[in-house]
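Enquirer: Got a file for you: data-v1.csv, CSV, C-alpha atoms and all ligand atoms.
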chain,number,residue,atom,x,y,z
A,9,MET,CA,254.6,57.8,37.7
A,10,SER,CA,257.1,57.7,34.8
A,11,PRO,CA,260.8,57.1,35.5
A,12,ALA,CA,261.6,60.5,34.1
A,13,ALA,CA,259.4,62.2,36.7
A,14,SER,CA,260.8,60.3,39.6
A,15,THR,CA,264.5,61.4,38.8
A,16,ALA,CA,263.3,65.0,38.5
A,17,THR,CA,261.9,64.9,42.0
A,18,ALA,CA,264.8,62.9,43.4
A,19,GLU,CA,267.4,65.4,42.3
A,20,PRO,CA,266.3,68.5,44.3
A,21,HIS,CA,265.7,66.2,47.2
A,22,SER,CA,269.3,64.9,47.3
A,23,ALA,CA,270.6,68.4,46.8
A,24,VAL,CA,268.7,69.6,49.9
A,25,ARG,CA,269.9,66.6,51.9
A,26,LEU,CA,273.5,67.3,50.9
A,27,GLU,CA,273.1,70.9,51.9
A,28,VAL,CA,271.9,70.0,55.3
A,29,LEU,CA,274.7,67.5,55.7
A,30,PHE,CA,277.3,70.1,54.6
A,31,ASP,CA,276.0,72.5,57.2
A,32,GLU,CA,276.5,69.9,59.9
A,33,LEU,CA,279.9,69.1,58.5
A,34,ALA,CA,281.0,72.7,58.6
A,35,GLU,CA,279.7,73.0,62.2
A,36,LEU,CA,281.6,69.9,63.3
A,37,THR,CA,284.7,70.8,61.4
A,38,GLY,CA,284.8,74.2,63.2
A,39,GLN,CA,284.5,72.4,66.5
A,40,ARG,CA,287.1,69.8,65.6
A,41,ASN,CA,289.6,72.6,64.6
A,42,ALA,CA,288.9,74.3,67.9
A,43,ILE,CA,289.4,71.1,69.9
A,44,ASP,CA,292.6,70.3,68.0
A,45,GLY,CA,293.7,73.9,68.8
A,46,ARG,CA,293.3,73.1,72.5
A,47,ILE,CA,295.0,69.7,72.2
A,48,VAL,CA,298.0,71.4,70.6
A,49,GLU,CA,298.1,73.8,73.5
A,50,ILE,CA,298.0,71.0,76.0
A,51,ALA,CA,300.8,69.2,74.1
A,52,ALA,CA,302.9,72.4,74.1
A,53,GLU,CA,302.4,72.8,77.9
A,54,ILE,CA,303.4,69.2,78.5
A,55,GLU,CA,306.5,69.7,76.4
A,56,ARG,CA,307.4,73.1,77.8
A,57,ASP,CA,307.2,72.1,81.4
A,58,GLU,CA,308.7,68.7,80.8
A,59,LEU,CA,305.8,66.9,82.3
A,60,TRP,CA,306.1,63.8,80.2
A,61,GLY,CA,309.4,62.4,81.6
A,62,ALA,CA,307.7,60.2,84.2
A,63,THR,CA,305.1,58.7,81.8
A,64,GLY,CA,307.5,56.2,80.3
A,65,ALA,CA,306.7,57.4,76.8
A,66,ARG,CA,309.6,57.8,74.5
A,67,SER,CA,308.5,61.1,72.9
A,68,ILE,CA,305.7,63.6,73.0
A,69,ALA,CA,304.3,62.2,69.8
A,70,ALA,CA,304.3,58.7,71.3
A,71,LEU,CA,302.5,59.9,74.4
A,72,LEU,CA,299.9,61.7,72.3
A,73,ALA,CA,299.3,58.7,70.1
A,74,TRP,CA,298.8,56.6,73.2
A,75,LYS,CA,296.6,58.9,75.1
A,76,THR,CA,294.4,60.1,72.2
A,77,GLY,CA,294.3,56.7,70.5
A,78,SER,CA,295.4,58.3,67.3
A,79,ALA,CA,297.7,57.2,64.5
A,80,PRO,CA,301.4,58.0,64.9
A,81,SER,CA,301.2,60.4,61.9
A,82,ASN,CA,298.4,62.4,63.4
A,83,ALA,CA,300.2,62.5,66.8
A,84,ALA,CA,303.4,63.6,65.1
A,85,THR,CA,301.5,66.5,63.5
A,86,ILE,CA,300.1,67.6,66.9
A,87,ALA,CA,303.6,67.4,68.3
A,88,THR,CA,305.1,69.4,65.4
A,89,VAL,CA,302.6,72.2,65.8
A,90,ALA,CA,303.0,72.1,69.6
A,91,HIS,CA,306.8,72.4,69.3
A,92,ARG,CA,306.5,75.7,67.4
A,93,LEU,CA,303.3,77.0,68.9
A,94,ASP,CA,305.0,80.2,70.2
A,95,GLU,CA,306.3,81.0,66.7
A,96,PHE,CA,302.9,80.8,65.1
A,97,PRO,CA,300.4,82.7,67.3
A,98,ARG,CA,298.1,83.7,64.5
A,99,CYS,CA,297.9,80.2,63.1
A,100,ALA,CA,297.2,78.9,66.6
A,101,GLN,CA,294.5,81.5,67.0
A,102,GLY,CA,293.0,80.3,63.7
A,103,MET,CA,292.7,76.8,65.1
A,104,ARG,CA,291.2,78.0,68.3
A,105,GLU,CA,288.6,79.9,66.4
A,106,GLY,CA,287.8,76.9,64.3
A,107,ARG,CA,288.9,78.4,61.0
A,108,LEU,CA,292.2,76.5,60.4
A,109,SER,CA,292.7,72.7,60.6
A,110,LEU,CA,295.4,70.8,62.4
A,111,ASP,CA,296.7,69.5,59.0
A,112,GLN,CA,296.9,73.0,57.6
A,113,VAL,CA,298.9,74.4,60.5
A,114,GLY,CA,300.9,71.1,60.6
A,115,VAL,CA,302.2,71.8,57.1
A,116,ILE,CA,303.2,75.3,58.2
A,117,ALA,CA,304.9,74.3,61.4
A,118,HIS,CA,306.7,71.5,59.7
A,119,ARG,CA,308.9,73.6,57.4
A,120,ALA,CA,307.8,77.3,57.2
A,121,GLY,CA,310.6,79.8,57.9
A,122,PRO,CA,310.8,81.8,61.1
A,123,GLY,CA,308.7,85.0,61.1
A,124,SER,CA,306.2,83.6,58.6
A,125,ASP,CA,303.2,83.4,60.9
A,126,GLU,CA,301.2,86.3,59.5
A,127,HIS,CA,301.9,85.3,55.9
A,128,TYR,CA,300.7,81.7,56.3
A,129,ALA,CA,297.8,82.5,58.7
A,130,GLN,CA,296.4,84.6,55.9
A,131,LEU,CA,297.1,82.1,53.2
A,132,ALA,CA,295.7,79.2,55.2
A,133,GLY,CA,292.3,81.0,55.3
A,134,VAL,CA,291.9,80.1,51.6
A,135,ALA,CA,294.5,77.4,50.8
A,136,THR,CA,294.1,73.7,51.0
A,137,VAL,CA,296.7,71.5,52.7
A,138,THR,CA,298.2,70.6,49.3
A,139,GLN,CA,298.4,74.2,48.3
A,140,LEU,CA,300.0,75.2,51.6
A,141,ARG,CA,302.6,72.5,51.0
A,142,THR,CA,303.4,74.0,47.6
A,143,ALA,CA,303.6,77.5,49.1
A,144,VAL,CA,306.0,76.4,51.8
A,145,SER,CA,308.2,74.6,49.3
A,146,LEU,CA,308.4,77.9,47.3
A,147,GLU,CA,310.1,79.7,50.2
A,148,PRO,CA,313.6,80.6,49.2
A,149,ARG,CA,316.0,78.5,51.3
A,150,PRO,CA,319.6,79.4,52.0
A,151,GLU,CA,321.8,78.5,49.1
A,152,PRO,CA,323.8,75.4,49.8
A,153,GLY,CA,327.5,76.3,49.1
A,154,PRO,CA,329.3,74.8,46.1
A,155,ARG,CA,328.8,71.0,46.1
A,156,PRO,CA,331.9,69.4,47.5
A,157,GLU,CA,333.5,66.5,45.6
A,158,PRO,CA,331.6,63.4,46.5
A,159,GLN,CA,333.6,61.2,48.9
A,160,ALA,CA,333.0,57.8,50.3
A,161,SER,CA,331.6,58.4,53.8
A,162,ILE,CA,329.6,56.9,56.6
A,163,THR,CA,327.6,59.3,58.8
A,164,LYS,CA,325.1,58.8,61.6
A,165,THR,CA,322.2,61.0,62.8
A,166,SER,CA,319.6,60.1,65.4
A,167,ASP,CA,316.1,61.0,66.6
A,168,ALA,CA,314.2,59.7,69.6
A,169,GLU,CA,313.5,56.4,67.9
A,170,PHE,CA,316.1,55.6,65.3
A,171,ASP,CA,319.7,56.1,64.2
A,172,PHE,CA,320.0,57.0,60.6
A,173,TRP,CA,323.1,55.8,58.8
A,174,ARG,CA,324.1,57.3,55.5
A,175,ILE,CA,326.7,55.4,53.6
A,176,ALA,CA,328.2,56.8,50.4
A,177,LEU,CA,330.2,54.2,48.4
A,178,PRO,CA,331.9,54.2,45.0
A,179,HIS,CA,330.0,51.9,42.6
A,180,ALA,CA,332.5,49.1,42.8
A,181,GLU,CA,332.4,48.9,46.6
A,182,SER,CA,328.7,49.4,46.6
A,183,ALA,CA,328.2,46.4,44.3
A,184,LYS,CA,330.2,44.3,46.7
A,185,PHE,CA,328.0,45.4,49.6
A,186,GLU,CA,324.9,44.7,47.6
A,187,ALA,CA,326.0,41.2,46.7
A,188,ALA,CA,326.8,40.4,50.3
A,189,LEU,CA,323.4,41.7,51.4
A,190,HIS,CA,321.7,39.6,48.8
A,191,SER,CA,323.5,36.4,49.7
A,192,HIS,CA,322.7,36.9,53.4
A,193,HIS,CA,319.1,37.6,52.5
A,194,ASP,CA,319.0,34.5,50.4
A,195,ALA,CA,320.4,32.4,53.3
A,196,LEU,CA,317.9,33.8,55.7
A,197,VAL,CA,315.0,33.1,53.4
A,198,THR,CA,316.2,29.6,52.9
A,199,ASP,CA,316.3,29.1,56.7
A,200,TRP,CA,312.9,30.7,57.0
A,201,LYS,CA,311.4,28.4,54.4
A,202,ARG,CA,312.9,25.3,56.1
A,203,ASP,CA,311.5,26.4,59.5
A,204,ARG,CA,308.1,26.9,58.0
A,205,GLU,CA,308.0,23.5,56.4
A,206,ALA,CA,309.2,22.0,59.7
A,207,GLY,CA,306.5,23.9,61.6
A,208,GLY,CA,303.7,22.8,59.3
A,209,GLU,CA,301.4,24.9,57.2
A,210,GLY,CA,299.0,27.3,58.9
A,211,SER,CA,301.1,27.6,62.0
A,212,ASP,CA,299.6,30.6,63.9
A,213,HIS,CA,302.8,32.2,65.0
A,214,ALA,CA,304.7,32.1,61.7
A,215,THR,CA,307.6,34.6,61.8
A,216,PRO,CA,307.5,37.2,59.1
A,217,ILE,CA,309.7,36.7,56.0
A,218,PRO,CA,313.2,38.0,56.6
A,219,THR,CA,313.8,41.6,55.3
A,220,ASN,CA,316.9,43.4,54.1
A,221,ILE,CA,317.4,44.7,57.6
A,222,ASP,CA,317.6,41.2,58.9
A,223,ALA,CA,320.1,40.5,56.1
A,224,PHE,CA,322.1,43.5,57.0
A,225,MET,CA,322.2,42.6,60.7
A,226,ARG,CA,323.3,39.0,59.8
A,227,LEU,CA,326.1,40.5,57.6
A,228,VAL,CA,327.3,42.6,60.6
A,229,GLU,CA,327.0,39.8,63.1
A,230,THR,CA,328.9,37.2,61.0
A,231,SER,CA,331.8,39.5,60.3
A,232,TRP,CA,331.9,40.6,63.9
A,233,ASP,CA,332.2,37.0,65.0
A,234,VAL,CA,335.1,36.5,62.5
A,235,GLU,CA,336.8,39.5,63.9
A,236,VAL,CA,336.4,38.5,67.5
A,237,GLN,CA,337.7,35.0,66.7
A,238,ARG,CA,341.0,36.5,65.6
A,239,ARG,CA,341.5,38.0,69.0
A,240,PRO,CA,343.3,35.9,71.7
A,241,HIS,CA,340.2,35.0,73.7
A,242,GLY,CA,338.2,33.9,70.8
A,243,GLN,CA,334.7,34.6,72.1
A,244,ARG,CA,332.1,34.5,69.4
A,245,THR,CA,329.4,36.3,71.3
A,246,THR,CA,328.7,40.0,71.4
A,247,VAL,CA,329.2,41.2,75.0
A,248,VAL,CA,331.1,39.5,77.7
A,249,VAL,CA,330.2,40.2,81.3
A,250,HIS,CA,332.0,39.1,84.4
A,251,VAL,CA,329.9,38.6,87.5
A,252,ASP,CA,331.3,38.1,91.0
A,253,VAL,CA,328.8,35.7,92.5
A,254,GLN,CA,329.4,36.8,96.1
A,255,GLN,CA,329.3,40.5,95.6
A,256,GLN,CA,327.2,40.5,92.4
A,257,VAL,CA,329.5,43.0,90.7
A,258,GLY,CA,329.5,42.9,87.0
A,259,SER,CA,332.1,44.3,84.7
A,260,LEU,CA,332.3,44.3,80.9
A,261,HIS,CA,335.1,42.1,79.7
A,262,LEU,CA,338.3,44.0,80.1
A,263,GLY,CA,336.0,47.0,80.6
A,264,PRO,CA,334.6,49.3,83.2
A,265,LEU,CA,332.7,48.2,86.2
A,266,LEU,CA,329.0,48.2,85.5
A,267,SER,CA,326.4,49.9,87.6
A,268,ASP,CA,323.8,47.6,89.1
A,269,SER,CA,321.1,48.7,86.6
A,270,GLU,CA,323.5,48.2,83.6
A,271,ARG,CA,324.5,44.8,84.8
A,272,ARG,CA,320.9,43.7,85.3
A,273,TYR,CA,320.0,45.1,81.9
A,274,LEU,CA,322.8,43.3,80.1
A,275,LEU,CA,322.2,40.0,81.9
A,276,CYS,CA,318.4,40.1,81.5
A,277,ASP,CA,318.1,38.9,77.9
A,278,ALA,CA,321.4,37.0,77.8
A,279,THR,CA,322.6,37.5,74.3
A,280,CYS,CA,325.9,38.3,76.1
A,281,GLU,CA,328.3,35.8,77.5
A,282,VAL,CA,328.5,35.6,81.3
A,283,TRP,CA,331.6,34.5,83.3
A,284,PHE,CA,331.1,33.8,86.9
A,285,HIS,CA,333.8,34.4,89.4
A,286,ASP,CA,334.1,33.5,93.0
A,287,ALA,CA,337.0,35.0,95.0
A,288,GLY,CA,338.8,35.8,91.8
A,289,GLU,CA,338.5,32.3,90.4
A,290,VAL,CA,336.5,31.7,87.2
A,291,ILE,CA,333.9,29.1,88.2
A,292,GLY,CA,332.0,28.8,85.0
A,293,SER,CA,330.5,30.6,82.1
A,294,GLY,CA,326.8,30.7,81.6
A,295,ARG,CA,324.8,31.3,78.5
A,296,SER,CA,322.5,28.4,77.7
A,297,THR,CA,320.2,28.5,80.7
A,298,ARG,CA,319.0,32.1,80.3
A,299,THR,CA,319.3,32.3,76.5
A,300,ILE,CA,315.7,32.4,75.2
A,301,SER,CA,315.3,29.5,72.8
A,302,ARG,CA,313.7,30.1,69.5
A,303,ARG,CA,310.6,28.2,70.6
A,304,LEU,CA,310.2,30.2,73.8
A,305,ARG,CA,310.8,33.4,71.8
A,306,ARG,CA,308.0,32.5,69.3
A,307,ALA,CA,305.7,31.7,72.2
A,308,LEU,CA,306.4,35.1,73.7
A,309,GLU,CA,305.8,36.8,70.3
A,310,HIS,CA,302.6,34.9,69.9
A,311,ARG,CA,301.3,35.8,73.3
A,312,HIS,CA,302.0,39.6,72.9
A,313,PRO,CA,303.7,40.7,69.7
A,314,THR,CA,304.5,44.2,70.8
A,315,CYS,CA,306.5,45.8,73.6
A,316,ALA,CA,304.6,45.1,76.9
A,317,VAL,CA,304.6,48.7,78.1
A,318,PRO,CA,301.1,50.2,77.6
A,319,GLY,CA,301.1,52.7,74.8
A,320,CYS,CA,304.2,51.3,73.1
A,321,ALA,CA,303.6,49.6,69.8
A,322,ALA,CA,307.2,48.7,69.0
A,323,THR,CA,307.7,45.2,67.4
A,324,ARG,CA,311.3,45.3,66.3
A,325,GLY,CA,314.3,44.2,68.2
A,326,LEU,CA,312.4,43.3,71.3
A,327,HIS,CA,314.2,42.0,74.3
A,328,ALA,CA,312.9,39.2,76.5
A,329,HIS,CA,312.9,40.7,80.0
A,330,HIS,CA,312.9,38.5,83.2
A,331,ILE,CA,310.2,40.0,85.4
A,332,THR,CA,311.9,38.5,88.4
A,333,HIS,CA,315.6,38.8,87.5
A,334,TRP,CA,317.4,35.5,87.2
A,335,GLU,CA,320.0,36.8,89.7
A,336,ASP,CA,317.1,36.7,92.2
A,337,GLY,CA,316.0,33.3,91.2
A,338,GLY,CA,313.6,34.2,88.4
A,339,ALA,CA,313.0,31.4,85.9
A,340,THR,CA,313.5,31.6,82.1
A,341,GLU,CA,309.9,30.6,81.3
A,342,LEU,CA,306.8,32.2,79.8
A,343,ASP,CA,305.3,33.3,83.1
A,344,ASN,CA,308.4,35.2,84.1
A,345,LEU,CA,309.2,36.8,80.7
A,346,VAL,CA,307.8,39.7,78.7
A,347,LEU,CA,309.0,41.3,75.5
A,348,LEU,CA,310.1,44.9,75.8
A,349,CYS,CA,311.6,47.3,73.3
A,350,PRO,CA,315.2,48.3,74.0
A,351,TYR,CA,314.1,51.8,75.1
A,352,HIS,CA,311.6,50.6,77.7
A,353,HIS,CA,313.8,47.7,78.8
A,354,ARG,CA,316.6,50.1,79.6
A,355,LEU,CA,314.2,52.6,81.2
A,356,HIS,CA,312.9,49.8,83.5
A,357,HIS,CA,316.4,48.7,84.6
A,358,ARG,CA,317.3,52.3,85.3
A,359,GLY,CA,314.2,52.6,87.5
A,360,GLY,CA,312.2,54.8,85.2
A,361,ILE,CA,309.2,52.4,85.2
A,362,THR,CA,308.4,49.3,87.2
A,363,ILE,CA,307.1,46.0,85.8
A,364,THR,CA,305.6,43.4,88.0
A,365,GLY,CA,304.2,40.0,87.1
A,366,PRO,CA,303.3,37.3,86.5
A,367,ALA,CA,303.3,37.9,82.8
A,368,GLY,CA,299.5,37.2,82.6
A,369,GLU,CA,298.6,40.0,85.0
A,370,LEU,CA,301.3,42.4,84.2
A,371,VAL,CA,301.3,45.8,86.0
A,372,VAL,CA,303.4,48.6,84.7
A,373,THR,CA,303.8,51.8,86.6
A,374,ASP,CA,305.4,55.1,85.6
A,375,GLY,CA,308.1,57.0,87.5
A,376,GLY,CA,305.6,58.3,89.9
A,377,GLY,CA,304.1,54.9,90.7
A,378,GLN,CA,300.9,55.5,88.6
A,379,ARG,CA,299.7,52.4,86.9
A,380,LEU,CA,299.9,52.8,83.1
A,381,GLN,CA,296.7,51.9,81.2
A,382,PRO,CA,296.9,50.7,77.7
A,383,GLY,CA,293.8,52.5,76.2
A,384,SER,CA,293.4,56.1,75.2
A,385,LEU,CA,291.8,58.7,77.5
A,386,ALA,CA,288.7,59.0,75.3
A,387,ARG,CA,285.4,59.2,77.1
A,388,GLN,CA,281.9,60.6,76.6
A,389,PRO,CA,282.1,64.4,76.5
A,390,SER,CA,280.7,66.0,79.6
A,391,THR,CA,281.2,69.6,78.5
A,392,PRO,CA,279.5,71.4,75.5
A,393,PRO,CA,281.5,71.6,72.3
A,394,PRO,CA,283.6,74.7,71.7
A,395,ALA,CA,281.4,77.7,70.9
A,396,VAL,CA,282.9,78.5,67.4
A,397,GLY,CA,281.4,79.2,64.1
A,398,PRO,CA,281.1,76.6,61.3
A,399,CYS,CA,284.1,76.0,59.1
A,400,PRO,CA,283.3,75.4,55.4
A,401,GLY,CA,286.9,74.5,54.7
A,402,PRO,CA,289.3,76.4,52.4
A,403,THR,CA,287.8,77.9,49.2
A,404,GLY,CA,289.6,75.3,47.1
A,405,GLU,CA,290.0,77.8,44.3
A,406,ARG,CA,292.6,76.8,41.8
A,407,ALA,CA,295.8,78.4,42.9
A,408,ASN,CA,297.6,80.6,40.4
A,409,TRP,CA,301.2,80.1,41.4
A,410,TRP,CA,302.4,82.5,38.8
A,411,TRP,CA,301.1,85.4,40.9
A,412,TYR,CA,301.9,83.9,44.3
A,413,GLU,CA,304.5,85.8,46.3
A,414,PRO,CA,306.3,83.3,48.5
A,415,PHE,CA,307.3,84.2,52.0
A,416,ARG,CA,310.8,85.6,52.1
A,417,PRO,CA,312.8,85.5,55.3
A,418,GLN,CA,314.1,88.9,56.4
A,419,ALA,CA,317.7,89.4,55.5
A,420,PRO,CA,319.8,89.6,58.7
A,421,PRO,CA,320.8,93.3,59.5
A,422,THR,CA,324.1,94.2,58.0
A,423,THR,CA,326.7,96.2,59.9
A,424,ASN,CA,328.0,98.4,57.1
B,1,ZN,ZN,315.2,43.1,81.8
B,2,ZN,ZN,308.4,49.9,74.4
Starting from the file, lay out its structure as structure tokens.

Expert:
Amino acid sequence: MSPAASTATAEPHSAVRLEVLFDELAELTGQRNAIDGRIVEIAAEIERDELWGATGARSIAALLAWKTGSAPSNAATIATVAHRLDEFPRCAQGMREGRLSLDQVGVIAHRAGPGSDEHYAQLAGVATVTQLRTAVSLEPRPEPGPRPEPQASITKTSDAEFDFWRIALPHAESAKFEAALHSHHDALVTDWKRDREAGGEGSDHATPIPTNIDAFMRLVETSWDVEVQRRPHGQRTTVVVHVDVQQQVGSLHLGPLLSDSERRYLLCDATCEVWFHDAGEVIGSGRSTRTISRRLRRALEHRHPTCAVPGCAATRGLHAHHITHWEDGGATELDNLVLLCPYHHRLHHRGGITITGPAGELVVTDGGGQRLQPGSLARQPSTPPPAVGPCPGPTGERANWWWYEPFRPQAPPTTN
């Protein structure tokens, strides 16, 4: 057979194969959309009835990422759609019927205006995710008033996981800040290099190279120490706690009396300075014994680099938690220590979750006493897939934005 003849027969063959595969893809896509539609409803029910409080998860999205074994971005999309499910009944219907994908409805739920359900449910029938994003961005937004004169400012907003600081500085001050940040970063990198050379090449538990965030925190901590030194007591450490050894009552230095859980939380990873009192007399200050040495900390990070609570992938700012508290005789050693993110550490000391050791056989239970399992809930399906039609996806036609009429929020009723 000549080479030309063989390509001629190969071509129709691959076209047929592709057609068969596309058919199957459409079938599966329809089913997946319908399944995502149900997952979103489940998430909405968990949120509405506040069922997730006892799970130890820090947010609905974190819970979903854990239980479905999906990426945080995918879980965030599910949570976004779930949060506004009541506002978008037609879009939700489209998912349940297998016609609309989670990503399509996710774009809508993320930023579309109130009352736009019908508009976007129709558009999503033909528009790709990218086209929907453009359509939503074309929605007229309320005019921001005249721009105020820029002023140096520092503001803070928060979500479940982070605080967001926004700092506006005139250029001269900004340059000073930048120079300080650079010099702290340089110093950290020098230390880091020295450590690495001392630890030898190819060391398994090498710490990551210091970032700008590390430099920023160093900038804050050093200036804080200087400030504290100017005060009469001259403590250089961050938080000072007084503990009455007989009654085990803790209070912040010159501050309010601490609750039991706050005291244990603060004293657990002793980056604070502790003063012991007996019958009103200071009998000593403790810091060194419970302070986690650099070597111990590295060993902890090497053993388990993330927060030890199942489903939590936090790696930043972890605290070393004493499984048996040192107040109760727990030792500051590997077997009695686990790393926890600040959120779960606080939650544990407040009694929201329990953590029992030894560290090698850690058991974490939720508020209801249920043992938390690290894996997702995924298992072999035992029910047939949703009975929905195939979904060939959006038409993908080139959108002509010139003729597109964006969704316009209804003007509020006027009184005159
Ligand atoms: Zn602790
Ligand atoms: Zn955690």

Enquirer: If I put a ball of radius 7 Å at (301.6, 71.2, 65.0) in the file's coordinates, which residues poke into it when counting only C-alpha atoms, written as a list in words?

Expert: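 Residues lying no farther than 7 Å from the given point: Val48, Thr85, Ile86, Ala87, Thr88, Val89, Ala90, His91, Leu110, Val113, Gly114 and Ala117 of chain A.
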
Enquirer: Taking into account only C-alpha atoms, which residue in the set A:Thr373, A:Thr198, A:Gln254, A:Gln130 is nearest to His285 of chain A?

Expert: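 Using only C-alpha atoms, the shortest distance to His285 of chain A belongs to A:Gln254.
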
Enquirer: Using Å and a single decimal, report how far atom CA of Asp171 of chain A sits from atom CA of Pro313 of chain A.

Expert: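 So the answer is 22.9 Å.
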
Enquirer: Using all atoms listed in the file, which residues sit within 9 Å of Tyr273 of chain A once same-chain residues fewer than 3 positions away are excluded, as number ranges by chain?

Expert: A: 268-270, 276-277, 329, 353-354, 356-358

Enquirer: Would you mind reading off the distance between atom CA of Cys399 of chain A and atom CA of Cys99 of chain A, one decimal, in Å?

Expert: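 Separation of atom CA of Cys399 of chain A and atom CA of Cys99 of chain A: 15.0 Å.
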
Enquirer: List as a list in words the protein and nucleic acid residues near Asn41 of chain A, meaning an atom at most 6 Å away when only C-alpha atoms are counted, but skip any in the same chain fewer than 5 places from it.

Expert: Met103, Gly106 and Ser109 of chain A

Enquirer: Around ligand ZN 1 (chain B), at most 12 Å away and counting all atoms listed in the file, which residues are there? Put them as a count of residues only, please.

Expert: 45

Enquirer: How far is it from atom CA of Val115 of chain A to atom CA of Ala100 of chain A, in Å with one decimal?

Expert: 12.9 Å

Enquirer: Contacts of Val253 of chain A at 9 Å or less, counting only C-alpha atoms, minus same-chain residues fewer than 3 places along, as a PyMOL selection string?

Expert: chain A and resi 256-257+284-287

Enquirer: Write out, as a tab-separated table (two decimals), in the coordinates of the input, the residues just selected, with C-alpha atoms.

Expert:
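Okay, result_23.tsv is ready:
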chain	number	residue	atom	x	y	z
A	256	GLN	CA	327.20	40.50	92.40
A	257	VAL	CA	329.50	43.00	90.70
A	284	PHE	CA	331.10	33.80	86.90
A	285	HIS	CA	333.80	34.40	89.40
A	286	ASP	CA	334.10	33.50	93.00
A	287	ALA	CA	337.00	35.00	95.00

Enquirer: Which is closest to Trp409 of chain A among A:Val28, A:Leu140, A:Ala223, A:Ala62, if we use only C-alpha atoms?

Expert: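 Using only C-alpha atoms, Trp409 of chain A sits closest to A:Leu140.
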
Enquirer: Restricting the calculation to all atoms listed in the file: of A:Glu169, A:Glu35, A:Glu53, A:Glu341, which residue gets closest to ligand ZN 2 (chain B)?

Expert: A:Glu169

Enquirer: Have a look at A:Ala23, A:Ile175, A:Ala70, A:Val371 and name the one nearest to ligand ZN 2 (chain B); count only C-alpha atoms and all ligand atoms.

Expert: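 Nearest to ligand ZN 2 (chain B): A:Ala70.
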
Enquirer: Identify which of the residues A:Ser67, A:Gly288, A:Ala51, A:Arg324 lies closest to Leu93 of chain A, counting all atoms listed in the file when measuring atom-to-atom distances.

Expert: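 Using all atoms listed in the file, the shortest distance to Leu93 of chain A belongs to A:Ala51.
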
Enquirer: Ranking A:Gln112, A:Ser161, A:Thr142, A:Thr219 by minimum distance to Leu177 of chain A and counting only C-alpha atoms, which one comes first?

Expert: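 Among A:Gln112, A:Ser161, A:Thr142, A:Thr219, it is A:Ser161 that comes nearest to Leu177 of chain A.
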